[in-house]
$ cat start12.cif   # mmCIF, C-alpha atoms
data_run
loop_
_atom_site.label_atom_id
_atom_site.label_comp_id
_atom_site.auth_asym_id
_atom_site.auth_seq_id
_atom_site.Cartn_x
_atom_site.Cartn_y
_atom_site.Cartn_z
CA MET A 10 -19.04 -72.66 -5.09
CA MET A 11 -19.67 -69.11 -3.91
CA PRO A 12 -18.99 -68.46 -0.23
CA ASP A 13 -21.92 -68.28 2.15
CA SER A 14 -22.92 -64.60 2.22
CA SER A 15 -23.68 -64.85 5.92
CA LEU A 16 -19.96 -65.37 6.54
CA GLN A 17 -18.87 -62.29 4.57
CA PRO A 18 -17.64 -59.35 6.63
CA THR A 19 -19.69 -56.21 7.16
CA CYS A 20 -18.67 -52.69 7.98
CA TYR A 21 -21.26 -51.07 10.27
CA GLY A 22 -24.08 -53.17 8.79
CA LEU A 23 -23.04 -53.10 5.09
CA ARG A 24 -22.13 -56.36 3.28
CA LEU A 25 -19.23 -56.06 0.88
CA PRO A 26 -17.91 -58.02 -2.13
CA HIS A 27 -15.35 -60.73 -1.33
CA MET A 28 -12.59 -58.92 -3.27
CA LEU A 29 -12.75 -55.96 -0.87
CA ILE A 30 -12.46 -57.98 2.35
CA ALA A 31 -8.86 -57.01 3.16
CA ILE A 32 -9.35 -53.33 2.37
CA THR A 33 -12.60 -53.29 4.31
CA PHE A 34 -11.02 -54.76 7.42
CA ARG A 35 -8.31 -52.08 7.35
CA ILE A 36 -10.83 -49.27 6.88
CA CYS A 37 -13.22 -50.59 9.54
CA PHE A 38 -10.37 -51.12 11.99
CA ARG A 39 -8.99 -47.62 11.51
CA PHE A 40 -12.44 -46.04 11.68
CA GLY A 41 -13.19 -48.02 14.80
CA LEU A 42 -10.03 -46.71 16.43
CA LEU A 43 -11.10 -43.16 15.59
CA VAL A 44 -14.51 -43.75 17.13
CA LEU A 45 -12.94 -45.20 20.29
CA ALA A 46 -10.42 -42.36 20.50
CA SER A 47 -13.22 -39.81 20.20
CA ALA A 48 -15.24 -41.61 22.85
CA PHE A 49 -12.32 -41.68 25.26
CA ALA A 50 -11.55 -38.03 24.58
CA PHE A 51 -15.17 -37.13 25.26
CA SER A 52 -15.33 -39.22 28.41
CA GLY A 53 -12.18 -37.46 29.61
CA LEU A 54 -14.36 -34.43 30.28
CA ALA A 55 -16.25 -36.45 32.87
CA HIS A 56 -13.77 -36.07 35.73
CA ALA A 57 -13.58 -32.42 36.67
CA SER A 58 -12.96 -33.09 40.39
CA LEU A 59 -15.61 -30.64 41.49
CA PRO A 60 -14.90 -28.55 44.59
CA GLN A 61 -16.72 -29.43 47.77
CA PRO A 62 -20.20 -27.86 47.56
CA SER A 63 -21.01 -25.28 50.22
CA SER A 64 -23.91 -22.97 49.40
CA VAL A 65 -23.11 -20.30 52.00
CA PRO A 66 -21.60 -16.80 51.79
CA GLY A 67 -17.99 -17.33 50.74
CA GLY A 68 -18.76 -20.83 49.52
CA VAL A 69 -19.40 -22.59 46.20
CA ALA A 70 -22.79 -23.69 44.89
CA ILE A 71 -22.71 -26.68 42.53
CA ILE A 72 -25.80 -26.56 40.29
CA PRO A 73 -26.59 -29.42 37.84
CA LEU A 74 -27.56 -28.30 34.34
CA GLY A 75 -28.36 -31.59 32.57
CA SER A 76 -26.69 -34.33 30.58
CA VAL A 77 -23.66 -33.83 28.37
CA SER A 78 -24.46 -34.54 24.70
CA ALA A 79 -21.81 -35.17 22.03
CA GLY A 80 -21.52 -32.20 19.69
CA ALA A 81 -23.63 -29.90 21.89
CA ASP A 82 -22.24 -26.57 23.05
CA THR A 83 -21.31 -26.02 26.67
CA PRO A 84 -24.14 -24.26 28.55
CA GLN A 85 -23.58 -20.61 29.44
CA THR A 86 -24.47 -19.30 32.90
CA TRP A 87 -24.48 -16.01 34.80
CA PHE A 88 -24.85 -15.08 38.46
CA GLY A 89 -26.03 -11.50 38.32
CA GLU A 90 -24.04 -9.99 35.45
CA GLN A 91 -20.95 -12.13 36.06
CA PRO A 92 -20.39 -15.21 33.85
CA VAL A 93 -20.02 -18.47 35.75
CA LEU A 94 -17.74 -21.47 35.19
CA VAL A 95 -19.43 -24.55 33.70
CA THR A 96 -17.78 -27.97 33.66
CA SER A 97 -18.75 -31.60 33.17
CA ASP A 98 -18.47 -34.45 35.64
CA HIS A 99 -19.58 -38.05 35.02
CA GLY A 100 -21.72 -37.14 32.05
CA LEU A 101 -23.49 -34.12 33.56
CA TRP A 102 -22.99 -30.38 33.18
CA TYR A 103 -22.55 -28.34 36.36
CA ALA A 104 -22.40 -24.62 37.07
CA VAL A 105 -19.73 -23.90 39.70
CA VAL A 106 -20.88 -20.66 41.34
CA GLY A 107 -18.72 -18.56 43.63
CA LEU A 108 -20.76 -16.88 46.38
CA PRO A 109 -19.43 -13.57 47.78
CA LEU A 110 -19.04 -13.19 51.53
CA ASP A 111 -21.59 -10.37 51.48
CA VAL A 112 -24.25 -12.29 49.53
CA THR A 113 -27.63 -12.26 51.26
CA PRO A 114 -28.76 -15.70 52.47
CA GLY A 115 -31.98 -16.88 50.88
CA ALA A 116 -33.32 -17.57 47.39
CA HIS A 117 -31.20 -16.68 44.34
CA GLN A 118 -31.27 -17.38 40.62
CA LEU A 119 -28.75 -18.54 38.07
CA ARG A 120 -29.37 -17.50 34.47
CA VAL A 121 -28.71 -20.39 32.09
CA LYS A 122 -28.51 -20.51 28.30
CA ILE A 123 -28.58 -23.95 26.67
CA GLY A 124 -28.71 -23.77 22.90
CA ASP A 125 -31.31 -21.13 22.01
CA GLU A 126 -33.17 -21.44 25.31
CA THR A 127 -32.53 -19.15 28.28
CA LYS A 128 -34.04 -19.91 31.68
CA ALA A 129 -33.56 -19.18 35.37
CA LEU A 130 -32.62 -21.85 37.90
CA ASP A 131 -33.46 -21.24 41.55
CA PHE A 132 -31.03 -22.13 44.34
CA VAL A 133 -30.69 -21.27 48.01
CA VAL A 134 -27.78 -19.69 49.89
CA ASN A 135 -27.72 -20.72 53.55
CA ALA A 136 -26.50 -18.51 56.38
CA LYS A 137 -23.12 -19.08 58.05
CA ASP A 138 -21.53 -17.50 61.10
CA TYR A 139 -17.77 -17.08 60.85
CA PRO A 140 -15.60 -16.73 63.98
CA GLU A 141 -13.83 -13.55 65.07
CA GLN A 142 -10.08 -12.96 65.06
CA HIS A 143 -8.33 -10.18 67.01
CA ILE A 144 -4.88 -9.16 65.77
CA THR A 145 -2.51 -6.68 67.40
CA LEU A 146 -0.11 -4.83 65.09
CA ALA A 147 2.84 -2.94 66.58
CA ASP A 148 3.16 -0.98 63.31
CA LYS A 149 0.12 1.25 63.68
CA SER A 150 0.76 2.80 60.27
CA LYS A 151 -0.75 -0.41 58.77
CA VAL A 152 -3.98 0.24 60.71
CA ASP A 153 -4.28 4.04 60.89
CA LEU A 154 -3.22 4.95 57.37
CA SER A 155 -1.70 8.24 56.36
CA ALA A 156 -3.44 10.19 53.61
CA ALA A 157 -0.82 9.04 51.09
CA ASP A 158 -1.06 5.38 52.14
CA GLU A 159 -4.85 5.48 52.09
CA ALA A 160 -4.84 6.92 48.57
CA ARG A 161 -2.39 4.23 47.46
CA ALA A 162 -4.47 1.49 49.06
CA GLU A 163 -7.65 2.72 47.38
CA ARG A 164 -5.95 2.73 43.96
CA GLU A 165 -4.66 -0.78 44.51
CA ILE A 166 -8.04 -2.08 45.70
CA ALA A 167 -9.59 -0.79 42.46
CA VAL A 168 -6.93 -2.63 40.41
CA ILE A 169 -7.37 -5.85 42.40
CA THR A 170 -11.17 -5.65 42.02
CA GLU A 171 -10.77 -5.47 38.25
CA LEU A 172 -8.36 -8.43 38.27
CA LYS A 173 -10.84 -10.48 40.32
CA HIS A 174 -13.51 -10.02 37.64
CA HIS A 175 -11.21 -11.02 34.77
CA TRP A 176 -12.68 -13.63 32.43
CA ARG A 177 -10.75 -15.77 29.95
CA ALA A 178 -12.68 -18.50 28.18
CA ALA A 179 -10.81 -21.81 28.39
CA GLN A 180 -11.50 -25.25 26.96
CA ASP A 181 -10.94 -27.00 30.27
CA THR A 182 -10.31 -25.74 33.80
CA ASP A 183 -8.63 -27.90 36.43
CA LEU A 184 -10.63 -27.54 39.65
CA ALA A 185 -8.52 -29.94 41.74
CA PHE A 186 -5.97 -27.61 43.33
CA ASN A 187 -2.85 -28.42 45.31
CA LEU A 188 -2.03 -26.46 48.43
CA PRO A 189 0.76 -24.03 47.32
CA VAL A 190 2.89 -24.80 50.40
CA GLN A 191 2.79 -27.35 53.19
CA GLY A 192 2.62 -25.89 56.68
CA GLU A 193 0.46 -25.12 59.67
CA LEU A 194 -2.87 -23.61 58.65
CA GLY A 195 -3.35 -20.27 60.36
CA SER A 196 -6.19 -17.83 59.78
CA ARG A 197 -8.98 -19.60 57.93
CA PHE A 198 -11.25 -18.10 55.32
CA GLY A 199 -14.12 -15.84 56.40
CA VAL A 200 -13.03 -14.97 59.94
CA ARG A 201 -14.15 -11.50 60.99
CA ARG A 202 -10.95 -9.61 61.76
CA PHE A 203 -10.17 -6.84 64.22
CA PHE A 204 -6.81 -5.07 63.93
CA ASN A 205 -5.90 -3.35 67.18
CA GLU A 206 -9.60 -3.83 68.11
CA GLU A 207 -10.76 -1.95 64.99
CA PRO A 208 -13.08 -3.97 62.69
CA ARG A 209 -11.78 -4.68 59.21
CA ALA A 210 -12.89 -6.72 56.20
CA PRO A 211 -13.28 -10.49 56.73
CA HIS A 212 -10.29 -12.66 55.94
CA ALA A 213 -10.75 -13.58 52.29
CA GLY A 214 -8.16 -16.35 52.03
CA LEU A 215 -6.23 -19.09 53.79
CA ASP A 216 -2.99 -18.43 55.70
CA VAL A 217 -0.27 -21.09 55.78
CA ALA A 218 2.54 -20.53 58.29
CA VAL A 219 5.92 -21.20 56.67
CA ASP A 220 9.43 -19.85 57.06
CA ARG A 221 10.59 -16.97 54.92
CA GLY A 222 12.04 -18.25 51.66
CA THR A 223 9.85 -21.37 51.43
CA PRO A 224 9.13 -22.22 47.75
CA VAL A 225 5.55 -21.40 46.75
CA GLU A 226 3.98 -23.48 43.96
CA ALA A 227 1.16 -22.80 41.54
CA SER A 228 -1.94 -24.58 42.84
CA GLY A 229 -3.02 -25.40 39.27
CA GLN A 230 -2.08 -24.82 35.66
CA GLY A 231 -2.83 -21.40 34.22
CA GLN A 232 -1.49 -18.06 33.06
CA VAL A 233 0.06 -15.36 35.24
CA LEU A 234 -2.51 -12.58 35.18
CA ALA A 235 -0.54 -9.98 37.16
CA VAL A 236 2.34 -9.50 39.60
CA ASP A 237 2.83 -6.46 41.84
CA ASP A 238 3.81 -5.18 45.27
CA TYR A 239 0.76 -3.88 47.16
CA PHE A 240 0.42 -1.92 50.41
CA PHE A 241 -1.65 -4.58 52.21
CA ASN A 242 -0.91 -7.76 50.23
CA GLY A 243 2.81 -7.18 49.67
CA LYS A 244 4.42 -8.95 46.74
CA THR A 245 1.57 -10.77 45.03
CA ILE A 246 0.94 -13.11 42.09
CA PHE A 247 -2.41 -13.63 40.35
CA ILE A 248 -2.85 -16.80 38.26
CA ASP A 249 -5.75 -17.10 35.82
CA HIS A 250 -6.93 -20.72 35.53
CA GLY A 251 -9.61 -19.89 32.96
CA ASN A 252 -13.38 -19.36 33.05
CA GLY A 253 -13.34 -16.95 35.97
CA LEU A 254 -11.19 -19.09 38.33
CA ILE A 255 -8.21 -17.14 39.72
CA THR A 256 -5.75 -17.76 42.55
CA MET A 257 -3.82 -15.11 44.47
CA TYR A 258 -0.54 -15.58 46.42
CA CYS A 259 0.36 -12.76 48.86
CA HIS A 260 3.14 -11.53 51.19
CA LEU A 261 5.84 -13.12 49.02
CA ASP A 262 9.51 -12.40 49.59
CA ARG A 263 10.34 -13.00 45.93
CA ILE A 264 8.39 -13.41 42.67
CA ASP A 265 9.81 -15.82 40.07
CA VAL A 266 7.27 -15.45 37.24
CA LYS A 267 6.23 -12.67 34.90
CA THR A 268 2.83 -11.49 33.73
CA GLY A 269 1.61 -13.54 30.76
CA ALA A 270 3.71 -16.61 31.54
CA THR A 271 2.11 -20.05 31.40
CA VAL A 272 2.60 -22.09 34.56
CA ARG A 273 1.95 -25.75 35.34
CA LYS A 274 0.51 -27.21 38.53
CA GLY A 275 3.26 -27.55 41.12
CA GLN A 276 5.65 -25.13 39.39
CA ARG A 277 7.58 -22.83 41.73
CA ILE A 278 6.37 -19.25 41.31
CA GLY A 279 8.09 -17.49 44.20
CA LEU A 280 9.26 -17.58 47.81
CA SER A 281 7.18 -16.92 50.91
CA GLY A 282 7.81 -13.88 53.07
CA LYS A 283 6.12 -11.18 55.18
CA THR A 284 5.80 -8.23 52.79
CA GLY A 285 2.79 -5.93 53.08
CA ARG A 286 0.62 -6.07 56.20
CA ALA A 287 1.81 -9.27 57.87
CA THR A 288 2.70 -10.08 61.48
CA GLY A 289 5.12 -12.83 60.45
CA PRO A 290 6.24 -14.91 57.47
CA HIS A 291 3.41 -16.88 55.87
CA LEU A 292 1.57 -17.39 52.62
CA HIS A 293 -1.87 -15.88 52.19
CA TRP A 294 -3.64 -17.86 49.44
CA SER A 295 -6.95 -16.77 47.94
CA VAL A 296 -9.29 -18.35 45.39
CA VAL A 297 -11.55 -16.15 43.26
CA LEU A 298 -14.51 -17.61 41.37
CA ASN A 299 -16.71 -15.46 39.09
CA GLY A 300 -15.40 -12.38 40.92
CA ALA A 301 -16.13 -13.71 44.43
CA MET A 302 -13.51 -14.56 47.03
CA VAL A 303 -14.35 -18.11 48.14
CA ASP A 304 -13.02 -20.63 50.66
CA PRO A 305 -9.80 -22.16 49.21
CA GLU A 306 -10.17 -25.32 51.31
CA LEU A 307 -13.17 -26.33 49.19
CA PHE A 308 -10.75 -26.88 46.27
CA VAL A 309 -8.04 -28.96 47.93
CA GLY A 310 -10.09 -31.85 49.28
CA GLY A 311 -7.90 -34.05 51.47
CA LYS A 312 -4.68 -32.27 50.37
CA ARG A 313 -4.68 -29.84 53.29
CA GLY A 314 -1.71 -28.69 55.31
CA ARG A 315 -0.64 -30.06 58.65
#
$ encode --input "start12.cif" --output "structure tokens"
Amino acid sequence: MMPDSSLQPTCYGLRLPHMLIAITFRICFRFGLLVLASAFAFSGLAHASLPQPSSVPGGVAIIPLGSVSAGADTPQTWFGEQPVLVTSDHGLWYAVVGLPLDVTPGAHQLRVKIGDETKALDFVVNAKDYPEQHITLADKSKVDLSAADEARAEREIAVITELKHHWRAAQDTDLAFNLPVQGELGSRFGVRRFFNEEPRAPHAGLDVAVDRGTPVEASGQGQVLAVDDYFFNGKTIFIDHGNGLITMYCHLDRIDVKTGATVRKGQRIGLSGKTGRATGPHLHWSVVLNGAMVDPELFVGGKRGR
């Protein structure tokens, strides 16, 4: 008697001859594993650990772009002429937009390209008042620059500006940073600074007070974009995390990595110090996003210093 056809195995809806049962089970099982593996790999994109949203000058705007579809290209976005990082989180695409400290509060637009369609998305930047900080420097040469020092500083600012706008396309960018050192948090991001009662540029980073020689770690995986010794920043490391996300570590006593090296999150990259314009040993840590200096504390969540 022939077996009941309703009891014969199927592979994705197809009935198969009895002689091929064993082979079919092996093929279906292996194919099923591939499907599951692909699904898990795809779902792995859904946990980007987005930074804390803060649509203010010096903050980060998180703009939803729609659902993630298997096989579809990642949307492309621009704020002005600068490309913007796009990532996925829980099945949705998001543009992660760095907002410069000098951006005008009010209505702005993000240019978005999804497939063959390009459109503009409106978003609002809210105003924010940052506190003042008055610093007295005994070394007046760091405030009233000589002609030679001023020329050097201007050259270095031009180099740093170019580094800040560097773009390297990357498959995945880790947005969940670690604080590079543990210590007392000093000058916060955005404070309006006065050196010897003379106004200077706002503080575009986060200061962590630590002893000279304290190991400094990479806040996330990436590639060393540049290392140098600058007039204001002292010994400095730039790490490129991909897609316009860059971190900067300043006033170091020693640099332990070279340009082009790949670093992992938590890897020691140097030792803290007080090189450049610094009143004492500390680490100045900056985060750059699509060319804008933004608040580093938005990227560390609850992993802040003491």
$ residues_around --input "start12.cif" --residues "Phe186 in chain A" --least-positions-apart "4" --cutoff "7 Å" --atoms "only C-alpha atoms" --output "list in words"
Ser228, Gly229, Phe308 and Val309 of chain A
$ atom_distance --input "start12.cif" --atom1 "CA of Thr284 in chain A" --atom2 "CA of Asp237 in chain A"
11.5 Å
$ closest_residue --input "start12.cif" --among "A:Thr271, A:Ala81, A:Pro211, A:Gly195" --to "Thr288 in chain A" --atoms "only C-alpha atoms"
A:Gly195
$ closest_residue --input "start12.cif" --among "A:Gly285, A:Gly231, A:Gly115, A:Pro290" --to "Thr268 in chain A" --atoms "all atoms listed in the file"
A:Gly231
$ closest_atom_pairs --input "start12.cif" --of "range 139-187 of chain A" --to "range 94-100 of chain A" --cutoff "10 Å" --atoms "only C-alpha atoms" --output "Markdown table"
| residue | atom | partner | partner_atom | distance |
| --- | --- | --- | --- | --- |
| A:Trp176 | CA | A:Leu94 | CA | 9.7 |
| A:Ala178 | CA | A:Leu94 | CA | 9.1 |
| A:Ala179 | CA | A:Leu94 | CA | 9.7 |
| A:Gln180 | CA | A:Thr96 | CA | 9.6 |
| A:Asp181 | CA | A:Thr96 | CA | 7.7 |
| A:Thr182 | CA | A:Thr96 | CA | 7.8 |
| A:Asp183 | CA | A:Thr96 | CA | 9.6 |
| A:Leu184 | CA | A:Thr96 | CA | 9.3 |
$ closest_residue --input "start12.cif" --among "A:Asn187, A:Glu165, A:Val200, A:Leu119" --to "Pro140 in chain A" --atoms "only C-alpha atoms"
A:Val200
$ resolve_selection --input "start12.cif" --expression "the PyMOL selection byres ((chain A and resi 266) around 9)" --output "tab-separated table (two decimals) with C-alpha atoms, in the coordinates of the input"
chain	number	residue	atom	x	y	z
A	233	VAL	CA	0.06	-15.36	35.24
A	236	VAL	CA	2.34	-9.50	39.60
A	246	ILE	CA	0.94	-13.11	42.09
A	264	ILE	CA	8.39	-13.41	42.67
A	265	ASP	CA	9.81	-15.82	40.07
A	267	LYS	CA	6.23	-12.67	34.90
A	268	THR	CA	2.83	-11.49	33.73
A	269	GLY	CA	1.61	-13.54	30.76
A	270	ALA	CA	3.71	-16.61	31.54
A	272	VAL	CA	2.60	-22.09	34.56
A	277	ARG	CA	7.58	-22.83	41.73
A	278	ILE	CA	6.37	-19.25	41.31
A	279	GLY	CA	8.09	-17.49	44.20
$ closest_residue --input "start12.cif" --among "A:Trp102, A:Pro66, A:Glu171, A:Gly107" --to "Lys137 in chain A" --atoms "only C-alpha atoms"
A:Pro66
$ atom_distance --input "start12.cif" --atom1 "CA of Ser196 in chain A" --atom2 "CA of Ala213 in chain A"
9.7 Å
$ residues_around --input "start12.cif" --residues "His117 in chain A" --least-positions-apart "5" --cutoff "8 Å" --atoms "all atoms listed in the file" --output "number ranges by chain"
A: 131-134
$ closest_residue --input "start12.cif" --among "A:Asp304, A:Arg286, A:Pro189, A:Ser76" --to "Leu154 in chain A" --atoms "all atoms listed in the file"
A:Arg286
$ resolve_selection --input "start12.cif" --expression "the PyMOL selection byres ((chain A and resi 69) around 7)" --output "PyMOL selection string"
chain A and resi 62-64+68+70-71+105-108
$ atom_distance --input "start12.cif" --atom1 "CA of Lys173 in chain A" --atom2 "CA of Asn242 in chain A"
14.3 Å
$ closest_residue --input "start12.cif" --among "A:Gly80, A:Gln91, A:Gln85, A:Pro73" --to "Ala301 in chain A" --atoms "all atoms listed in the file"
A:Gln91
$ resolve_selection --input "start12.cif" --expression "the PyMOL selection byres ((chain A and resi 306) around 9)" --output "VMD selection string"
chain A and resid 60 to 61 188 197 to 198 215 303 to 305 307 to 310 312 to 313
